[in-house]
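K.L.:
To be precise about what I am sending: the file is called my_file.txt and holds compact mmCIF, N, CA and C atoms and all ligand atoms.
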# COMPACT_ATOMS: atom_id res chain seq x y z
N MET A 1 10.80 14.21 -0.81
CA MET A 1 10.72 12.95 -1.56
C MET A 1 11.17 11.78 -0.69
N ALA A 2 10.54 10.67 -0.90
CA ALA A 2 10.95 9.44 -0.23
C ALA A 2 10.92 8.33 -1.27
N LYS A 3 11.86 7.42 -1.16
CA LYS A 3 11.86 6.26 -2.07
C LYS A 3 10.75 5.33 -1.62
N LEU A 4 9.99 4.87 -2.59
CA LEU A 4 8.89 3.96 -2.30
C LEU A 4 8.96 2.84 -3.33
N THR A 5 8.91 1.61 -2.87
CA THR A 5 8.97 0.48 -3.79
C THR A 5 7.73 -0.38 -3.66
N PHE A 6 7.10 -0.65 -4.78
CA PHE A 6 6.02 -1.64 -4.83
C PHE A 6 6.59 -2.89 -5.48
N VAL A 7 6.26 -4.05 -4.92
CA VAL A 7 6.66 -5.32 -5.51
C VAL A 7 5.37 -6.07 -5.84
N THR A 8 5.18 -6.38 -7.12
CA THR A 8 3.95 -7.07 -7.52
C THR A 8 4.04 -8.55 -7.12
N HIS A 9 2.91 -9.24 -7.19
CA HIS A 9 2.91 -10.63 -6.72
C HIS A 9 3.82 -11.52 -7.55
N ASP A 10 4.12 -11.09 -8.80
CA ASP A 10 5.04 -11.88 -9.62
C ASP A 10 6.47 -11.34 -9.59
N GLY A 11 6.74 -10.48 -8.60
CA GLY A 11 8.12 -10.09 -8.33
C GLY A 11 8.64 -8.88 -9.07
N GLN A 12 7.79 -8.18 -9.83
CA GLN A 12 8.27 -6.95 -10.49
C GLN A 12 8.36 -5.83 -9.48
N ARG A 13 9.45 -5.07 -9.56
CA ARG A 13 9.66 -3.95 -8.64
C ARG A 13 9.39 -2.63 -9.34
N TYR A 14 8.71 -1.77 -8.64
CA TYR A 14 8.47 -0.40 -9.12
C TYR A 14 9.07 0.55 -8.10
N ASP A 15 10.19 1.18 -8.46
CA ASP A 15 10.85 2.13 -7.55
C ASP A 15 10.39 3.53 -7.91
N ILE A 16 9.84 4.20 -6.94
CA ILE A 16 9.19 5.48 -7.18
C ILE A 16 9.77 6.53 -6.24
N ASP A 17 9.91 7.77 -6.74
CA ASP A 17 10.22 8.91 -5.86
C ASP A 17 8.88 9.50 -5.45
N ALA A 18 8.51 9.30 -4.20
CA ALA A 18 7.17 9.68 -3.74
C ALA A 18 7.24 10.99 -2.96
N PRO A 19 6.47 12.01 -3.38
CA PRO A 19 6.47 13.27 -2.64
C PRO A 19 5.89 13.09 -1.24
N VAL A 20 6.53 13.72 -0.26
CA VAL A 20 6.02 13.69 1.11
C VAL A 20 4.62 14.31 1.13
N GLY A 21 3.71 13.68 1.85
CA GLY A 21 2.34 14.19 1.96
C GLY A 21 1.37 13.52 1.01
N THR A 22 1.89 12.84 -0.02
CA THR A 22 1.00 12.08 -0.89
C THR A 22 0.75 10.72 -0.22
N THR A 23 -0.19 9.97 -0.78
CA THR A 23 -0.41 8.63 -0.23
C THR A 23 0.30 7.60 -1.10
N ALA A 24 0.57 6.45 -0.51
CA ALA A 24 1.21 5.37 -1.27
C ALA A 24 0.33 5.01 -2.47
N MET A 25 -0.98 4.98 -2.27
CA MET A 25 -1.90 4.64 -3.37
C MET A 25 -1.76 5.63 -4.53
N GLU A 26 -1.72 6.94 -4.24
CA GLU A 26 -1.61 7.94 -5.31
C GLU A 26 -0.36 7.69 -6.14
N ASN A 27 0.71 7.32 -5.50
CA ASN A 27 1.95 7.06 -6.21
C ASN A 27 1.86 5.80 -7.06
N ALA A 28 1.15 4.81 -6.57
CA ALA A 28 0.96 3.57 -7.35
C ALA A 28 0.17 3.88 -8.62
N ILE A 29 -0.90 4.65 -8.48
CA ILE A 29 -1.75 4.97 -9.64
C ILE A 29 -0.97 5.81 -10.65
N ARG A 30 -0.27 6.83 -10.15
CA ARG A 30 0.49 7.72 -11.04
C ARG A 30 1.57 6.99 -11.82
N ASN A 31 2.07 5.91 -11.24
CA ASN A 31 3.17 5.18 -11.88
C ASN A 31 2.72 3.85 -12.48
N ASP A 32 1.40 3.70 -12.64
CA ASP A 32 0.84 2.50 -13.28
C ASP A 32 1.32 1.19 -12.66
N VAL A 33 1.34 1.15 -11.34
CA VAL A 33 1.69 -0.11 -10.68
C VAL A 33 0.50 -1.07 -10.84
N PRO A 34 0.72 -2.23 -11.47
CA PRO A 34 -0.40 -3.13 -11.67
C PRO A 34 -0.88 -3.74 -10.35
N GLY A 35 -2.20 -3.93 -10.25
CA GLY A 35 -2.73 -4.60 -9.06
C GLY A 35 -3.29 -3.67 -8.01
N ILE A 36 -3.06 -2.36 -8.18
CA ILE A 36 -3.67 -1.39 -7.27
C ILE A 36 -4.81 -0.72 -8.04
N GLU A 37 -6.03 -0.97 -7.60
CA GLU A 37 -7.19 -0.46 -8.35
C GLU A 37 -7.72 0.85 -7.80
N ALA A 38 -7.82 0.94 -6.49
CA ALA A 38 -8.23 2.19 -5.83
C ALA A 38 -9.55 2.74 -6.35
N GLU A 39 -10.55 1.88 -6.38
CA GLU A 39 -11.85 2.26 -6.96
C GLU A 39 -12.50 3.47 -6.30
N CYS A 40 -12.31 3.63 -5.01
CA CYS A 40 -13.01 4.74 -4.33
C CYS A 40 -12.19 6.02 -4.34
N GLY A 41 -11.00 5.97 -4.93
CA GLY A 41 -10.19 7.19 -5.06
C GLY A 41 -9.53 7.64 -3.77
N GLY A 42 -9.46 6.76 -2.80
CA GLY A 42 -8.72 7.10 -1.58
C GLY A 42 -9.59 7.44 -0.39
N ALA A 43 -10.88 7.11 -0.47
CA ALA A 43 -11.81 7.46 0.61
C ALA A 43 -11.92 6.39 1.69
N CYS A 44 -11.05 5.39 1.62
CA CYS A 44 -11.09 4.29 2.60
C CYS A 44 -12.43 3.57 2.54
N ALA A 45 -12.95 3.37 1.34
CA ALA A 45 -14.28 2.80 1.19
C ALA A 45 -14.36 1.66 0.17
N CYS A 46 -13.20 1.09 -0.23
CA CYS A 46 -13.31 0.05 -1.25
C CYS A 46 -12.38 -1.15 -1.00
N ALA A 47 -11.28 -0.96 -0.34
CA ALA A 47 -10.31 -2.04 -0.07
C ALA A 47 -9.65 -2.60 -1.33
N THR A 48 -9.65 -1.84 -2.44
CA THR A 48 -8.97 -2.32 -3.64
C THR A 48 -7.61 -1.64 -3.84
N CYS A 49 -7.10 -1.09 -2.75
CA CYS A 49 -5.74 -0.54 -2.77
C CYS A 49 -4.90 -1.28 -1.73
N HIS A 50 -5.34 -2.50 -1.42
CA HIS A 50 -4.71 -3.33 -0.39
C HIS A 50 -3.25 -3.66 -0.72
N VAL A 51 -2.38 -3.53 0.27
CA VAL A 51 -0.97 -3.92 0.13
C VAL A 51 -0.52 -4.63 1.40
N TYR A 52 0.58 -5.34 1.28
CA TYR A 52 1.26 -5.91 2.44
C TYR A 52 2.51 -5.08 2.70
N VAL A 53 2.63 -4.57 3.91
CA VAL A 53 3.81 -3.79 4.28
C VAL A 53 4.95 -4.75 4.56
N ASP A 54 6.10 -4.50 3.92
CA ASP A 54 7.28 -5.32 4.18
C ASP A 54 7.54 -5.36 5.68
N GLU A 55 7.88 -6.55 6.18
CA GLU A 55 8.03 -6.75 7.64
C GLU A 55 8.96 -5.73 8.30
N ALA A 56 9.98 -5.29 7.57
CA ALA A 56 10.95 -4.35 8.13
C ALA A 56 10.32 -2.98 8.38
N TRP A 57 9.13 -2.74 7.83
CA TRP A 57 8.54 -1.41 7.88
C TRP A 57 7.25 -1.32 8.69
N THR A 58 6.77 -2.42 9.19
CA THR A 58 5.44 -2.40 9.84
C THR A 58 5.43 -1.48 11.07
N ALA A 59 6.52 -1.43 11.82
CA ALA A 59 6.53 -0.57 13.01
C ALA A 59 6.41 0.89 12.61
N LYS A 60 7.08 1.26 11.54
CA LYS A 60 7.07 2.68 11.12
C LYS A 60 5.76 3.09 10.46
N THR A 61 5.16 2.19 9.69
CA THR A 61 3.89 2.57 9.05
C THR A 61 2.77 2.59 10.08
N GLY A 62 2.89 1.80 11.14
CA GLY A 62 1.91 1.82 12.22
C GLY A 62 0.69 0.96 11.93
N GLU A 63 -0.24 1.02 12.86
CA GLU A 63 -1.45 0.21 12.79
C GLU A 63 -2.54 0.94 12.01
N PRO A 64 -3.42 0.19 11.34
CA PRO A 64 -4.56 0.85 10.70
C PRO A 64 -5.51 1.44 11.73
N GLU A 65 -6.16 2.53 11.37
CA GLU A 65 -7.19 3.08 12.26
C GLU A 65 -8.47 2.27 12.09
N ALA A 66 -9.44 2.51 12.99
CA ALA A 66 -10.64 1.66 13.05
C ALA A 66 -11.36 1.52 11.71
N MET A 67 -11.52 2.65 10.99
CA MET A 67 -12.25 2.61 9.72
C MET A 67 -11.50 1.76 8.69
N GLU A 68 -10.19 1.93 8.67
CA GLU A 68 -9.37 1.14 7.73
C GLU A 68 -9.43 -0.35 8.10
N GLU A 69 -9.34 -0.61 9.38
CA GLU A 69 -9.41 -2.00 9.88
C GLU A 69 -10.72 -2.66 9.41
N ASP A 70 -11.82 -1.93 9.50
CA ASP A 70 -13.12 -2.47 9.06
C ASP A 70 -13.10 -2.77 7.56
N MET A 71 -12.53 -1.86 6.78
CA MET A 71 -12.49 -2.08 5.34
C MET A 71 -11.57 -3.25 4.98
N LEU A 72 -10.52 -3.43 5.75
CA LEU A 72 -9.57 -4.50 5.45
C LEU A 72 -10.23 -5.88 5.53
N ASP A 73 -11.35 -5.96 6.26
CA ASP A 73 -12.08 -7.24 6.32
C ASP A 73 -12.55 -7.67 4.93
N PHE A 74 -12.69 -6.70 4.02
CA PHE A 74 -13.14 -7.01 2.67
C PHE A 74 -11.97 -7.29 1.72
N ALA A 75 -10.76 -7.14 2.20
CA ALA A 75 -9.59 -7.32 1.34
C ALA A 75 -9.33 -8.81 1.09
N PHE A 76 -8.77 -9.08 -0.08
CA PHE A 76 -8.40 -10.45 -0.45
C PHE A 76 -7.19 -10.89 0.38
N GLU A 77 -7.34 -12.03 1.06
CA GLU A 77 -6.25 -12.62 1.86
C GLU A 77 -5.55 -11.61 2.76
N MET A 78 -6.32 -11.05 3.64
CA MET A 78 -5.76 -10.11 4.62
C MET A 78 -4.74 -10.81 5.52
N GLN A 79 -3.66 -10.12 5.81
CA GLN A 79 -2.63 -10.64 6.71
C GLN A 79 -2.35 -9.60 7.79
N PRO A 80 -1.59 -9.99 8.83
CA PRO A 80 -1.32 -9.02 9.90
C PRO A 80 -0.64 -7.75 9.41
N ASN A 81 0.10 -7.83 8.30
CA ASN A 81 0.79 -6.64 7.78
C ASN A 81 0.00 -5.97 6.64
N SER A 82 -1.28 -6.30 6.54
CA SER A 82 -2.12 -5.68 5.51
C SER A 82 -2.42 -4.23 5.86
N ARG A 83 -2.40 -3.38 4.84
CA ARG A 83 -2.85 -1.98 4.99
C ARG A 83 -3.54 -1.58 3.69
N LEU A 84 -4.33 -0.52 3.79
CA LEU A 84 -4.87 0.10 2.58
C LEU A 84 -3.90 1.21 2.20
N SER A 85 -3.38 1.14 0.97
CA SER A 85 -2.30 2.06 0.60
C SER A 85 -2.76 3.51 0.54
N CYS A 86 -4.08 3.74 0.44
CA CYS A 86 -4.55 5.14 0.45
C CYS A 86 -4.50 5.74 1.85
N GLN A 87 -4.25 4.90 2.83
CA GLN A 87 -4.19 5.39 4.20
C GLN A 87 -2.74 5.48 4.71
N ILE A 88 -1.79 5.22 3.82
CA ILE A 88 -0.37 5.37 4.19
C ILE A 88 0.13 6.67 3.59
N LYS A 89 0.36 7.65 4.44
CA LYS A 89 0.89 8.95 3.99
C LYS A 89 2.41 8.88 3.96
N ILE A 90 2.98 9.35 2.86
CA ILE A 90 4.43 9.33 2.72
C ILE A 90 5.05 10.41 3.62
N ARG A 91 6.02 9.99 4.41
CA ARG A 91 6.75 10.91 5.29
C ARG A 91 8.25 10.70 5.03
N ASP A 92 9.05 11.67 5.48
CA ASP A 92 10.50 11.53 5.32
C ASP A 92 11.03 10.24 5.95
N ASP A 93 10.47 9.87 7.09
CA ASP A 93 11.01 8.69 7.77
C ASP A 93 10.50 7.38 7.15
N LEU A 94 9.71 7.48 6.11
CA LEU A 94 9.31 6.26 5.38
C LEU A 94 10.15 6.09 4.12
N ASP A 95 11.24 6.86 4.02
CA ASP A 95 12.13 6.74 2.87
C ASP A 95 12.67 5.32 2.77
N GLY A 96 12.37 4.63 1.66
CA GLY A 96 12.81 3.25 1.48
C GLY A 96 11.70 2.23 1.67
N LEU A 97 10.51 2.71 1.99
CA LEU A 97 9.37 1.81 2.26
C LEU A 97 9.12 0.82 1.12
N VAL A 98 8.86 -0.42 1.49
CA VAL A 98 8.56 -1.47 0.51
C VAL A 98 7.15 -2.01 0.78
N LEU A 99 6.32 -2.00 -0.25
CA LEU A 99 4.95 -2.50 -0.15
C LEU A 99 4.76 -3.59 -1.19
N ARG A 100 4.14 -4.68 -0.79
CA ARG A 100 3.89 -5.79 -1.73
C ARG A 100 2.42 -5.78 -2.15
N VAL A 101 2.21 -6.00 -3.42
CA VAL A 101 0.85 -5.97 -3.96
C VAL A 101 0.30 -7.40 -3.93
N PRO A 102 -0.90 -7.61 -3.41
CA PRO A 102 -1.45 -8.97 -3.38
C PRO A 102 -1.78 -9.48 -4.78
N GLU A 103 -2.01 -10.78 -4.86
CA GLU A 103 -2.28 -11.41 -6.16
C GLU A 103 -3.49 -10.79 -6.83
N ARG A 104 -4.49 -10.45 -6.04
CA ARG A 104 -5.63 -9.73 -6.60
C ARG A 104 -6.27 -8.89 -5.51
N GLN A 105 -7.14 -7.97 -5.94
CA GLN A 105 -7.84 -7.13 -4.98
C GLN A 105 -9.17 -7.76 -4.64
N ALA A 106 -9.92 -7.15 -3.73
CA ALA A 106 -11.15 -7.74 -3.22
C ALA A 106 -12.12 -8.06 -4.36
FE1 LIG A 201 -10.44 2.75 -1.78
FE2 LIG A 201 -8.05 2.88 -0.64
S1 LIG A 201 -8.61 3.57 -2.57
S2 LIG A 201 -9.88 2.10 0.18
Write the structure described by the file as structure tokens, please.

P.N.:
Amino acid sequence: MAKLTFVTHDGQRYDIDAPVGTTAMENAIRNDVPGIEAECGGACACATCHVYVDEAWTAKTGEPEAMEEDMLDFAFEMQPNSRLSCQIKIRDDLDGLVLRVPERQA
């Protein structure tokens, strides 16, 4: 388990115990975090699971791979710390990860 926090654009916090090996997106859906739509179900094909990685965590979550980078072009207000939450796998060393949900999805 790793602690995972989603912060919505209006400042609501969702603190979740996320099983290692699941994706951040799966945890958002399971816990009804508003603003994560995940239309494609995690196939990296929709960009509606877009999140901003808290600055303190960007080094640990790493860079998006090429396919994710291409999809991020369709995300609403992409920023340098943008990621698709279905492509972030929960690991022990991501315990405490904070992800911010954009105002809206693509
Ligand atoms: Fe579709 Fe992440 S759920 S890209």

K.L.:
Please check which protein, DNA or RNA residues sit within 9 Å of ligand LIG 201 (chain A), counting only C-alpha atoms and all ligand atoms, and write them as an mmCIF file with N, CA and C atoms, in the frame of the given file.

P.N.:
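As written to disk, part_7.cif reads:
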data_model
loop_
_atom_site.group_PDB
_atom_site.id
_atom_site.type_symbol
_atom_site.label_atom_id
_atom_site.label_comp_id
_atom_site.auth_asym_id
_atom_site.auth_seq_id
_atom_site.Cartn_x
_atom_site.Cartn_y
_atom_site.Cartn_z
ATOM 1 N N MET A 25 -0.980 4.980 -2.270
ATOM 2 C CA MET A 25 -1.900 4.640 -3.370
ATOM 3 C C MET A 25 -1.760 5.630 -4.530
ATOM 4 N N GLU A 26 -1.720 6.940 -4.240
ATOM 5 C CA GLU A 26 -1.610 7.940 -5.310
ATOM 6 C C GLU A 26 -0.360 7.690 -6.140
ATOM 7 N N ILE A 36 -3.060 -2.360 -8.180
ATOM 8 C CA ILE A 36 -3.670 -1.390 -7.270
ATOM 9 C C ILE A 36 -4.810 -0.720 -8.040
ATOM 10 N N GLU A 37 -6.030 -0.970 -7.600
ATOM 11 C CA GLU A 37 -7.190 -0.460 -8.350
ATOM 12 C C GLU A 37 -7.720 0.850 -7.800
ATOM 13 N N ALA A 38 -7.820 0.940 -6.490
ATOM 14 C CA ALA A 38 -8.230 2.190 -5.830
ATOM 15 C C ALA A 38 -9.550 2.740 -6.350
ATOM 16 N N GLU A 39 -10.550 1.880 -6.380
ATOM 17 C CA GLU A 39 -11.850 2.260 -6.960
ATOM 18 C C GLU A 39 -12.500 3.470 -6.300
ATOM 19 N N CYS A 40 -12.310 3.630 -5.010
ATOM 20 C CA CYS A 40 -13.010 4.740 -4.330
ATOM 21 C C CYS A 40 -12.190 6.020 -4.340
ATOM 22 N N GLY A 41 -11.000 5.970 -4.930
ATOM 23 C CA GLY A 41 -10.190 7.190 -5.060
ATOM 24 C C GLY A 41 -9.530 7.640 -3.770
ATOM 25 N N GLY A 42 -9.460 6.760 -2.800
ATOM 26 C CA GLY A 42 -8.720 7.100 -1.580
ATOM 27 C C GLY A 42 -9.590 7.440 -0.390
ATOM 28 N N ALA A 43 -10.880 7.110 -0.470
ATOM 29 C CA ALA A 43 -11.810 7.460 0.610
ATOM 30 C C ALA A 43 -11.920 6.390 1.690
ATOM 31 N N CYS A 44 -11.050 5.390 1.620
ATOM 32 C CA CYS A 44 -11.090 4.290 2.600
ATOM 33 C C CYS A 44 -12.430 3.570 2.540
ATOM 34 N N ALA A 45 -12.950 3.370 1.340
ATOM 35 C CA ALA A 45 -14.280 2.800 1.190
ATOM 36 C C ALA A 45 -14.360 1.660 0.170
ATOM 37 N N CYS A 46 -13.200 1.090 -0.230
ATOM 38 C CA CYS A 46 -13.310 0.050 -1.250
ATOM 39 C C CYS A 46 -12.380 -1.150 -1.000
ATOM 40 N N ALA A 47 -11.280 -0.960 -0.340
ATOM 41 C CA ALA A 47 -10.310 -2.040 -0.070
ATOM 42 C C ALA A 47 -9.650 -2.600 -1.330
ATOM 43 N N THR A 48 -9.650 -1.840 -2.440
ATOM 44 C CA THR A 48 -8.970 -2.320 -3.640
ATOM 45 C C THR A 48 -7.610 -1.640 -3.840
ATOM 46 N N CYS A 49 -7.100 -1.090 -2.750
ATOM 47 C CA CYS A 49 -5.740 -0.540 -2.770
ATOM 48 C C CYS A 49 -4.900 -1.280 -1.730
ATOM 49 N N HIS A 50 -5.340 -2.500 -1.420
ATOM 50 C CA HIS A 50 -4.710 -3.330 -0.390
ATOM 51 C C HIS A 50 -3.250 -3.660 -0.720
ATOM 52 N N GLU A 68 -10.190 1.930 8.670
ATOM 53 C CA GLU A 68 -9.370 1.140 7.730
ATOM 54 C C GLU A 68 -9.430 -0.350 8.100
ATOM 55 N N MET A 71 -12.530 -1.860 6.780
ATOM 56 C CA MET A 71 -12.490 -2.080 5.340
ATOM 57 C C MET A 71 -11.570 -3.250 4.980
ATOM 58 N N LEU A 72 -10.520 -3.430 5.750
ATOM 59 C CA LEU A 72 -9.570 -4.500 5.450
ATOM 60 C C LEU A 72 -10.230 -5.880 5.530
ATOM 61 N N LEU A 84 -4.330 -0.520 3.790
ATOM 62 C CA LEU A 84 -4.870 0.100 2.580
ATOM 63 C C LEU A 84 -3.900 1.210 2.200
ATOM 64 N N SER A 85 -3.380 1.140 0.970
ATOM 65 C CA SER A 85 -2.300 2.060 0.600
ATOM 66 C C SER A 85 -2.760 3.510 0.540
ATOM 67 N N CYS A 86 -4.080 3.740 0.440
ATOM 68 C CA CYS A 86 -4.550 5.140 0.450
ATOM 69 C C CYS A 86 -4.500 5.740 1.850
ATOM 70 N N GLN A 87 -4.250 4.900 2.830
ATOM 71 C CA GLN A 87 -4.190 5.390 4.200
ATOM 72 C C GLN A 87 -2.740 5.480 4.710
#

K.L.:
Can you tell me how far atom C of Asp15 of chain A sits from atom CA of Ile29 of chain A, in Å to one decimal?

P.N.:
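These two atoms are separated by 12.3 Å.
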
K.L.:
Hey, what does DSSP flag as strand (DSSP E) within chain A? Can you give it to me as an NGL selection string?

P.N.:
:A and (2-7 or 13-18 or 50-53 or 82-84 or 97-100)

K.L.:
To test the calculation: enclose all listed atoms of segment 16-25 of chain A in a box whose edges run along x, y and z, add 4 Å on each side, then state centre and edge lengths in Å to one decimal, as JSON.

P.N.:
{"center_x": 4.2, "center_y": 9.3, "center_z": -2.6, "size_x": 20.1, "size_y": 18.1, "size_z": 17.1}

K.L.:
Please, which residues of chain A, numbered as in this document, come out helix (DSSP H, G or I) from DSSP, as a PyMOL selection string?

P.N.:
chain A and resi 24-30+55-61+66-72+85-87+92-94

K.L.:
Near Trp57 of chain A, counting only N, CA and C atoms, which residues have an atom at most 8 Å away, once you skip same-chain residues fewer than 4 positions from it, shown as number ranges by chain?

P.N.:
A: 53, 61-62, 96-98

K.L.:
Kindly give the distance, in Å, that separates atom CA of Ala2 of chain A and atom N of Phe76 of chain A, rounded to a single decimal.

P.N.:
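One can read the atom CA of Ala2 of chain A to atom N of Phe76 of chain A distance as 27.1 Å.
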
K.L.:
Counting only N, CA and C atoms, figure out which residue out of A:Thr8, A:Ala56, A:Asp92, A:Ala106 gets nearest to Phe74 of chain A.

P.N.:
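When distances to Phe74 of chain A are compared using only N, CA and C atoms, the smallest one comes from A:Ala106.
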
K.L.:
To one decimal place, how far is atom CA of Val51 of chain A from atom CA of Ile90 of chain A in Å?

P.N.:
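These atoms are spaced 14.5 Å apart.
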